[in-house]
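Enquirer: Would you mind keeping the following structure in view while I ask a few things?
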Amino acid sequence: MRQPRSGPGKRRGRGPRIPAATLQKQKTALANVDQITGAKIPKSFVFSRGKLPSTLRHLQQDLRKVMLPYTALNLKEKKRNNLKDFVNVAGPMGVTHFLILSNPQSLPHLRFAKSPQGPTFTFQIEEYSLAADIANSQKRPRCPPGIFKNSPLVVLGGLTGLGNPFRSLVEYFQHMFPSVDPTTVKLATCQRILLLKHDKEKDVIEFRHYSIKLQPVGVSRRIRKLMQNNQVPDLGEFEDVSEFVKKAGYGSESEADDEAAMVSLPSDIDKLNRASRKSAVRLQEIGPRMTMRLVKVEAGLCSGDVLYPWPVEKEVVGKKGTETGEVEGQEDDSEATDESEDEMV
């Protein structure tokens, strides 16, 4: 015997239906929260101040790739905008970090700033190489697009125990990307490393960007390609499949340089790198590469009290006799617009 419905249009045993728009908002909000710290995922803008030569424009685009996926890769800049425009756009979009390139008196500078209230760390770029330059210098460059789907792992060297301003600089670098829990992280998502190493003798910071590649120990390149491509090889020159395997061989071609480069994986990564065998960890530089010297630390966002002065030649005397840094003198041209909102992940 059928039970009467409790009311017109009502469903038994189910709660109210949640609108699709609400579900999408909840999903987006969850995606913007760091699952380890519970804080919002750090996002960034990489833009320029003033006119840049073409090489620095390419460096700017390379830096945007470093900051992927939580940055605007195709950020729109217009000359009529100013720094306040970036701050106004950054707030609603959850942008927390600025990387600002400038070229006062042909001296490239890069500022790392925390939005909206600072601090700001200004570096003079003494040497740099573009990602294209790095690739052209390598016999087998490797930079698959898939490695930019996840943030890089930040490795800091020689920056601890130095006191301020390096103490606050370390904190800035550590919070540029989402936190990583070594016990729960999926190894397949760890495909890049950003190395920031302090050279005590030269008092500079070396900026390096690497891709991470795992190779099974004892498996030749030919066998690896066969398993990775999932394609039947050309066996026309062989009488038997065993000849193909024997010609592929097992030798030093796939061995790690030393025992320290070999690791035992806690879980399977792919068809080749499994927990049952050792894998060799290889780092390949993908660029960009920079040598930077810290020249100024400001308490605010490109303004405020100077916490770390450095005697450099770029300081000039203004019209009214006040000292003005050329890095600050580039605040009157290019900026981001609301069009960048579609570029954020």
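Scheme for the structure tokens: letters A, B, ... for chains in order shown; per-chain residue numbers from 1; ligand numbers from 1 in order shown.
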Select from stretch 37-141 of chain A every residue with an atom at most 9 Å from any atom of stretch 161-174 of chain A, then for each give the shortest pair of atoms and their distance in Å to one decimal, using only C-alpha atoms, rows by chain and rising number, as JSON lines.
Expert:
```
{"residue": "A:His97", "atom": "CA", "partner": "A:Tyr172", "partner_atom": "CA", "distance": 8.9}
{"residue": "A:Phe112", "atom": "CA", "partner": "A:Tyr172", "partner_atom": "CA", "distance": 8.4}
{"residue": "A:Ala113", "atom": "CA", "partner": "A:Tyr172", "partner_atom": "CA", "distance": 8.6}
{"residue": "A:Lys114", "atom": "CA", "partner": "A:Tyr172", "partner_atom": "CA", "distance": 7.8}
{"residue": "A:Pro119", "atom": "CA", "partner": "A:Ser168", "partner_atom": "CA", "distance": 8.7}
{"residue": "A:Phe121", "atom": "CA", "partner": "A:Leu169", "partner_atom": "CA", "distance": 7.5}
```
Enquirer: May I have the selected residues written with C-alpha atoms, as a PDB file, in the first residue's frame?
Expert:
```pdb
ATOM      1  CA  HIS A  97      52.631  38.988  -3.207  1.00  0.00           C
ATOM      2  CA  PHE A 112      59.470  41.373  -3.657  1.00  0.00           C
ATOM      3  CA  ALA A 113      56.547  43.065  -1.885  1.00  0.00           C
ATOM      4  CA  LYS A 114      53.798  41.863   0.430  1.00  0.00           C
ATOM      5  CA  PRO A 119      57.319  44.953   3.640  1.00  0.00           C
ATOM      6  CA  PHE A 121      62.595  43.846  -0.450  1.00  0.00           C
TER       7      PHE A 121
END
```
Enquirer: Just the residues within 9 Å of A:Tyr308, please, counting only C-alpha atoms, with nothing from its chain fewer than 6 positions along; format it as a list of chain:residue names.
Expert: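 Result of the neighbour search: A:Asn164, A:Pro165, A:Leu294, A:Val295, A:Lys296, A:Val297, A:Glu298.
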Enquirer: Compile the contact shell of A:Thr55 as a PDB file with N, CA and C atoms, in the first residue's frame: residues with an atom at most 9 Å away, counting only C-alpha atoms, same-chain residues fewer than 4 positions apart removed.
Expert:
```pdb
ATOM      1  N   LEU A  59      62.277  38.169 -19.184  1.00  0.00           N
ATOM      2  CA  LEU A  59      62.530  37.748 -17.808  1.00  0.00           C
ATOM      3  C   LEU A  59      61.253  37.851 -16.981  1.00  0.00           C
ATOM      4  N   GLN A  60      60.471  38.883 -17.196  1.00  0.00           N
ATOM      5  CA  GLN A  60      59.204  39.040 -16.493  1.00  0.00           C
ATOM      6  C   GLN A  60      58.266  37.867 -16.778  1.00  0.00           C
ATOM      7  N   LEU A 130      67.850  34.050 -19.223  1.00  0.00           N
ATOM      8  CA  LEU A 130      66.464  33.692 -19.491  1.00  0.00           C
ATOM      9  C   LEU A 130      66.311  32.181 -19.583  1.00  0.00           C
TER      10      LEU A 130
END
```
Enquirer: Using only C-alpha atoms, which residue out of A:Ser115, A:Thr183, A:Thr71, A:Ser102 lies closest to A:Asn88?
Expert: A:Ser115
Enquirer: Determine the nearest neighbour of A:Asp199 from the options A:Met292, A:Met67, A:Val154, A:Cys302, counting only C-alpha atoms.
Expert: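 Of the candidates, the smallest distance to A:Asp199 is held by A:Met292.
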Enquirer: Which residues are close to stretch 188-190 of chain A, i.e. within 8 Å by only C-alpha atoms, leaving aside same-chain residues fewer than 6 positions away? Reply as a tab-separated table (two decimals) with N, CA and C atoms, in the first residue's frame.
Expert:
```
chain	number	residue	atom	x	y	z
A	150	ASN	N	51.50	22.61	-10.68
A	150	ASN	CA	51.65	22.67	-9.22
A	150	ASN	C	52.79	23.62	-8.87
A	151	SER	N	52.72	24.18	-7.67
A	151	SER	CA	53.74	25.14	-7.22
A	151	SER	C	55.08	24.45	-7.01
A	152	PRO	N	56.17	25.19	-7.13
A	152	PRO	CA	57.48	24.60	-6.86
A	152	PRO	C	57.73	24.44	-5.37
A	153	LEU	N	58.67	23.56	-5.06
A	153	LEU	CA	59.15	23.43	-3.69
A	153	LEU	C	60.24	24.47	-3.47
A	212	ILE	N	62.18	18.49	-11.59
A	212	ILE	CA	62.53	17.24	-10.91
A	212	ILE	C	62.13	16.08	-11.81
A	269	ILE	N	54.75	6.01	-8.39
A	269	ILE	CA	54.55	7.29	-9.05
A	269	ILE	C	53.95	7.09	-10.43
```
Enquirer: Point out the residue among A:Leu214, A:Leu68, A:Leu301, A:Leu73 with the least atom-to-atom distance to A:Ala280, counting only C-alpha atoms.
Expert: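 With only C-alpha atoms as the atom set, the closest residue is A:Leu214.
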Enquirer: When you count only C-alpha atoms, which of these residues is closest to A:Pro108: A:Leu56, A:Met93, A:Val87, A:Val66?
Expert: A:Leu56
